[in-house]
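Have a look at model-v4.txt below; it lists compact mmCIF, C-alpha atoms.
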```
# COMPACT_ATOMS: atom_id res chain seq x y z
CA MET A 1 -13.37 -26.31 -49.13
CA ALA A 2 -13.09 -27.81 -45.66
CA THR A 3 -16.02 -29.69 -44.20
CA SER A 4 -16.90 -30.01 -40.54
CA SER A 5 -15.38 -33.51 -40.49
CA SER A 6 -12.04 -32.50 -42.01
CA ILE A 7 -8.94 -31.83 -39.95
CA ARG A 8 -7.92 -28.20 -39.92
CA ILE A 9 -4.24 -27.39 -39.76
CA ASP A 10 -3.40 -23.70 -39.55
CA GLU A 11 -0.14 -21.95 -40.23
CA GLU A 12 0.00 -21.07 -36.54
CA SER A 13 -0.43 -24.67 -35.37
CA PHE A 14 3.26 -25.24 -34.61
CA ALA A 15 5.75 -23.17 -32.62
CA VAL A 16 9.37 -23.58 -31.52
CA LEU A 17 10.83 -22.03 -28.35
CA ALA A 18 12.73 -18.95 -29.49
CA ALA A 19 15.04 -18.52 -26.48
CA ASN A 20 16.20 -20.66 -23.58
CA VAL A 21 14.37 -20.10 -20.29
CA ASP A 22 16.34 -20.06 -17.01
CA LEU A 23 14.30 -21.64 -14.22
CA ASN A 24 17.08 -21.21 -11.66
CA THR A 25 16.39 -17.48 -11.27
CA VAL A 26 12.96 -17.94 -9.64
CA ALA A 27 11.91 -19.58 -6.40
CA SER A 28 11.63 -23.35 -6.29
CA GLY A 29 8.15 -24.47 -7.38
CA THR A 30 7.34 -21.28 -9.29
CA PHE A 31 5.92 -21.89 -12.76
CA VAL A 32 7.46 -19.73 -15.47
CA ALA A 33 5.84 -18.87 -18.80
CA THR A 34 8.36 -20.03 -21.40
CA GLY A 35 7.18 -17.69 -24.14
CA LEU A 36 5.96 -20.65 -26.20
CA VAL A 37 2.31 -19.81 -26.98
CA LEU A 38 -0.34 -20.90 -29.50
CA THR A 39 -3.88 -19.65 -30.09
CA LEU A 40 -6.58 -22.23 -30.69
CA PRO A 41 -8.80 -20.33 -33.15
CA SER A 42 -12.32 -21.58 -32.32
CA ALA A 43 -14.53 -23.99 -30.39
CA GLY A 44 -13.74 -27.65 -30.90
CA THR A 45 -11.62 -30.56 -29.77
CA TYR A 46 -7.87 -30.32 -30.23
CA HIS A 47 -4.92 -32.61 -29.85
CA LEU A 48 -2.21 -30.63 -28.07
CA ASP A 49 1.34 -31.84 -27.90
CA ALA A 50 4.65 -30.48 -26.77
CA THR A 51 8.21 -31.65 -26.58
CA VAL A 52 9.94 -30.10 -23.58
CA ARG A 53 13.75 -30.19 -23.61
CA THR A 54 15.36 -29.41 -20.28
CA VAL A 55 18.76 -29.26 -18.62
CA LEU A 56 19.29 -29.73 -14.91
CA GLY A 57 22.65 -29.57 -13.20
CA THR A 58 24.28 -29.49 -9.79
CA MET A 59 27.71 -29.33 -8.21
CA THR A 60 27.13 -30.56 -4.72
CA THR A 61 27.44 -33.53 -2.40
CA GLY A 62 23.71 -34.16 -2.07
CA GLU A 63 20.98 -33.01 -4.44
CA GLY A 64 17.36 -33.75 -5.20
CA ALA A 65 15.57 -31.65 -7.80
CA PHE A 66 13.21 -31.91 -10.74
CA ILE A 67 11.64 -29.87 -13.53
CA THR A 68 7.95 -30.18 -14.23
CA ALA A 69 6.12 -28.75 -17.25
CA ARG A 70 2.48 -28.17 -18.13
CA LEU A 71 0.17 -26.52 -20.61
CA TYR A 72 -1.75 -23.53 -19.29
CA ASP A 73 -4.97 -22.10 -20.74
CA VAL A 74 -4.37 -18.36 -20.43
CA THR A 75 -7.95 -17.52 -21.48
CA ALA A 76 -9.56 -19.77 -18.86
CA LYS A 77 -6.79 -19.09 -16.29
CA ALA A 78 -6.41 -22.83 -15.66
CA VAL A 79 -3.98 -25.68 -16.20
CA VAL A 80 -4.98 -27.82 -19.21
CA PRO A 81 -6.21 -31.04 -17.56
CA ASN A 82 -3.75 -33.95 -17.56
CA SER A 83 -0.99 -31.92 -19.25
CA GLU A 84 1.49 -32.03 -16.37
CA VAL A 85 4.71 -33.95 -17.01
CA LEU A 86 7.85 -34.68 -15.01
CA ALA A 87 10.34 -33.41 -17.55
CA HIS A 88 13.54 -34.07 -15.63
CA GLN A 89 14.76 -35.35 -12.26
CA ILE A 90 18.16 -35.53 -10.62
CA THR A 91 19.01 -37.22 -7.35
CA VAL A 92 22.57 -37.40 -6.07
CA ALA A 93 23.45 -39.18 -2.84
CA ALA A 94 25.48 -37.20 -0.34
CA GLY A 95 29.20 -37.88 -0.62
CA THR A 96 32.48 -36.51 0.61
CA SER A 97 33.36 -34.33 -2.38
CA ALA A 98 31.41 -32.17 -4.82
CA THR A 99 30.77 -33.57 -8.27
CA LEU A 100 29.56 -31.61 -11.30
CA LEU A 101 26.54 -33.33 -12.80
CA ALA A 102 24.35 -32.03 -15.63
CA TRP A 103 21.82 -33.82 -17.80
CA ASN A 104 19.74 -32.97 -20.86
CA ARG A 105 16.41 -34.65 -21.39
CA SER A 106 13.24 -34.25 -23.47
CA ALA A 107 9.73 -35.13 -22.32
CA PRO A 108 6.46 -35.24 -24.29
CA ILE A 109 3.08 -33.78 -23.39
CA GLN A 110 0.06 -35.16 -25.30
CA VAL A 111 -3.55 -34.32 -24.41
CA ARG A 112 -6.99 -33.87 -25.95
CA TYR A 113 -8.62 -30.57 -25.09
CA THR A 114 -12.18 -29.47 -25.85
CA ILE A 115 -12.93 -25.76 -25.69
CA PRO A 116 -16.07 -23.61 -26.15
CA GLY A 117 -14.27 -20.84 -28.06
CA ALA A 118 -10.88 -19.44 -29.00
CA ARG A 119 -8.17 -20.00 -26.37
CA THR A 120 -4.53 -19.09 -25.83
CA ILE A 121 -2.34 -21.96 -24.61
CA ARG A 122 1.18 -21.57 -23.25
CA LEU A 123 3.91 -23.89 -22.06
CA GLU A 124 5.04 -23.38 -18.47
CA ALA A 125 7.79 -25.03 -16.44
CA ALA A 126 9.02 -25.03 -12.85
CA ARG A 127 12.15 -26.21 -11.05
CA VAL A 128 11.62 -27.81 -7.67
CA THR A 129 14.69 -28.19 -5.46
CA GLN A 130 14.05 -30.65 -2.65
CA THR A 131 17.60 -30.82 -1.25
CA GLY A 132 20.90 -29.17 -2.11
CA ILE A 133 21.38 -26.48 -4.74
CA THR A 134 20.81 -26.54 -8.48
CA ASP A 135 23.49 -24.83 -10.54
CA SER A 136 21.43 -24.91 -13.73
CA ALA A 137 17.80 -25.53 -14.57
CA SER A 138 16.46 -24.49 -17.96
CA VAL A 139 14.01 -25.21 -20.74
CA ILE A 140 16.12 -25.12 -23.89
CA SER A 141 15.84 -25.32 -27.65
CA ASP A 142 18.71 -25.52 -30.14
CA GLY A 143 20.10 -27.59 -32.99
CA ASN A 144 20.60 -30.55 -30.65
CA GLY A 145 16.91 -30.71 -29.74
CA ARG A 146 13.92 -28.39 -29.85
CA THR A 147 11.21 -27.46 -27.40
CA THR A 148 7.99 -27.29 -29.41
CA LEU A 149 4.24 -26.80 -29.04
CA ARG A 150 1.65 -27.95 -31.58
CA TYR A 151 -2.08 -28.35 -31.99
CA GLU A 152 -4.29 -30.21 -34.41
CA ARG A 153 -8.04 -29.70 -34.50
CA ILE A 154 -9.74 -33.09 -34.54
CA ALA A 155 -13.42 -32.18 -34.12
```
In structure tokens, what does this structure look like?
Amino acid sequence: MATSSSIRIDEESFAVLAANVDLNTVASGTFVATGLVLTLPSAGTYHLDATVRTVLGTMTTGEGAFITARLYDVTAKAVVPNSEVLAHQITVAAGTSATLLAWNRSAPIQVRYTIPGARTIRLEAARVTQTGITDSASVISDGNGRTTLRYERIA
């Protein structure tokens, strides 16, 4: 029997991104729901963490772009405080010929979150293109690296 001081870990406390999410199909700066969602079952304090794997690519002579990710409280209709992370950035100086560049990267999100009742939390991401054109911008998950979301109730 669990006591109020024990840590509760539910079967639904861990999720893996089921399908890659293309961020290049929406306007720069637009946050996209990735489909990675967890429900925090009751009031309390939770440790939320995510690993966000991204790919960002360009074939141009001058590029500046990044991918940012965050946790969003769907129930409260608000960004989870301090959950924003710069997941990926690419800057290419202007040159005389186009060069294909693409990078994979993973970034962590780790926050404490206290809620008054059950909440639904989702992972969101956005591509921001400052200069040039991005040829690819995605949140991905496969055998080479997963995008995940997890919670652990701590109080």
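Between atom CA of Phe31 of chain A and atom CA of Gln110 of chain A there is a distance of 19.2 Å.
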Would you place a box with edges along x, y and z of the file around all atoms of segment 19-27 of chain A listed there, add 5 Å to each of its six sides, and report the centre and edge lengths in Å to one decimal, as JSON?
```
{"center_x": 14.5, "center_y": -19.6, "center_z": -16.4, "size_x": 15.2, "size_y": 14.2, "size_z": 30.1}
```
- Message: Between atom CA of Asp142 of chain A and atom CA of His47 of chain A, what is the distance in Å, rounded to a tenth?
- Response: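 Separating atom CA of Asp142 of chain A from atom CA of His47 of chain A is a distance of 24.7 Å.
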- Task: Kindly give the distance, in Å, that separates atom CA of Thr51 of chain A and atom CA of Gly29 of chain A, rounded to a single decimal.
- Result: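 Computing the Euclidean distance for atom CA of Thr51 of chain A and atom CA of Gly29 of chain A yields 20.5 Å.
If you measure from each of A:Leu38, A:Leu123, A:Ala43, A:Leu23 to Leu56 of chain A using all atoms listed in the file, the closest one turns out to be A:Leu23.
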- Item | Selection near segment 116-120 of chain A, 10 Å with only C-alpha atoms, sequence-local residues under 4 positions removed, as a PyMOL selection string | chain A and resi 37-45+72-77
- Find the residues near Val80 of chain A: any atom within 10 Å, counting all atoms listed in the file, skip ones fewer than 6 places away on the same chain, and give them as a PyMOL selection string. chain A and resi 48+70-74+111-114+121-122
- Item | Nearest to Val52 of chain A by atom-to-atom distance, counting only C-alpha atoms, from A:Ala126, A:Leu36, A:Val139, A:Ala27 |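 For Val52 of chain A, the nearest of the candidates is A:Val139.
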Please write as a PDB file with C-alpha atoms, in the frame of the given file the list of polymer residues whose atoms come within 12 Å of (15.6, -29.6, -6.4), counting only C-alpha atoms and keeping to the coordinates of the file.
```
ATOM      1  CA  LEU A  23      14.300 -21.640 -14.220  1.00  0.00           C
ATOM      2  CA  ASN A  24      17.080 -21.210 -11.660  1.00  0.00           C
ATOM      3  CA  ALA A  27      11.910 -19.580  -6.400  1.00  0.00           C
ATOM      4  CA  SER A  28      11.630 -23.350  -6.290  1.00  0.00           C
ATOM      5  CA  GLY A  29       8.150 -24.470  -7.380  1.00  0.00           C
ATOM      6  CA  LEU A  56      19.290 -29.730 -14.910  1.00  0.00           C
ATOM      7  CA  GLY A  57      22.650 -29.570 -13.200  1.00  0.00           C
ATOM      8  CA  THR A  58      24.280 -29.490  -9.790  1.00  0.00           C
ATOM      9  CA  THR A  60      27.130 -30.560  -4.720  1.00  0.00           C
ATOM     10  CA  GLY A  62      23.710 -34.160  -2.070  1.00  0.00           C
ATOM     11  CA  GLU A  63      20.980 -33.010  -4.440  1.00  0.00           C
ATOM     12  CA  GLY A  64      17.360 -33.750  -5.200  1.00  0.00           C
ATOM     13  CA  ALA A  65      15.570 -31.650  -7.800  1.00  0.00           C
ATOM     14  CA  PHE A  66      13.210 -31.910 -10.740  1.00  0.00           C
ATOM     15  CA  ILE A  67      11.640 -29.870 -13.530  1.00  0.00           C
ATOM     16  CA  THR A  68       7.950 -30.180 -14.230  1.00  0.00           C
ATOM     17  CA  HIS A  88      13.540 -34.070 -15.630  1.00  0.00           C
ATOM     18  CA  GLN A  89      14.760 -35.350 -12.260  1.00  0.00           C
ATOM     19  CA  ILE A  90      18.160 -35.530 -10.620  1.00  0.00           C
ATOM     20  CA  THR A  91      19.010 -37.220  -7.350  1.00  0.00           C
ATOM     21  CA  VAL A  92      22.570 -37.400  -6.070  1.00  0.00           C
ATOM     22  CA  ALA A 126       9.020 -25.030 -12.850  1.00  0.00           C
ATOM     23  CA  ARG A 127      12.150 -26.210 -11.050  1.00  0.00           C
ATOM     24  CA  VAL A 128      11.620 -27.810  -7.670  1.00  0.00           C
ATOM     25  CA  THR A 129      14.690 -28.190  -5.460  1.00  0.00           C
ATOM     26  CA  GLN A 130      14.050 -30.650  -2.650  1.00  0.00           C
ATOM     27  CA  THR A 131      17.600 -30.820  -1.250  1.00  0.00           C
ATOM     28  CA  GLY A 132      20.900 -29.170  -2.110  1.00  0.00           C
ATOM     29  CA  ILE A 133      21.380 -26.480  -4.740  1.00  0.00           C
ATOM     30  CA  THR A 134      20.810 -26.540  -8.480  1.00  0.00           C
ATOM     31  CA  ASP A 135      23.490 -24.830 -10.540  1.00  0.00           C
ATOM     32  CA  SER A 136      21.430 -24.910 -13.730  1.00  0.00           C
ATOM     33  CA  ALA A 137      17.800 -25.530 -14.570  1.00  0.00           C
TER      34      ALA A 137
END
```
- Restricting the calculation to all atoms listed in the file, which member of A:Val26, A:Ala69, A:Ile154, A:Val21 is positioned closest to Glu124 of chain A? A:Ala69
- Query: When distances are computed from only C-alpha atoms, which of A:Tyr46, A:Asn20, A:Ala15, A:Ala33 shows the smallest separation from Glu152 of chain A?
  - Reply: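 For Glu152 of chain A, the nearest of the given residues is A:Tyr46.
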- Looking at only C-alpha atoms, which of A:Ala155, A:Ala125, A:Ala50, A:Ile140 is the one that sits closest to Leu86 of chain A? A:Ala125
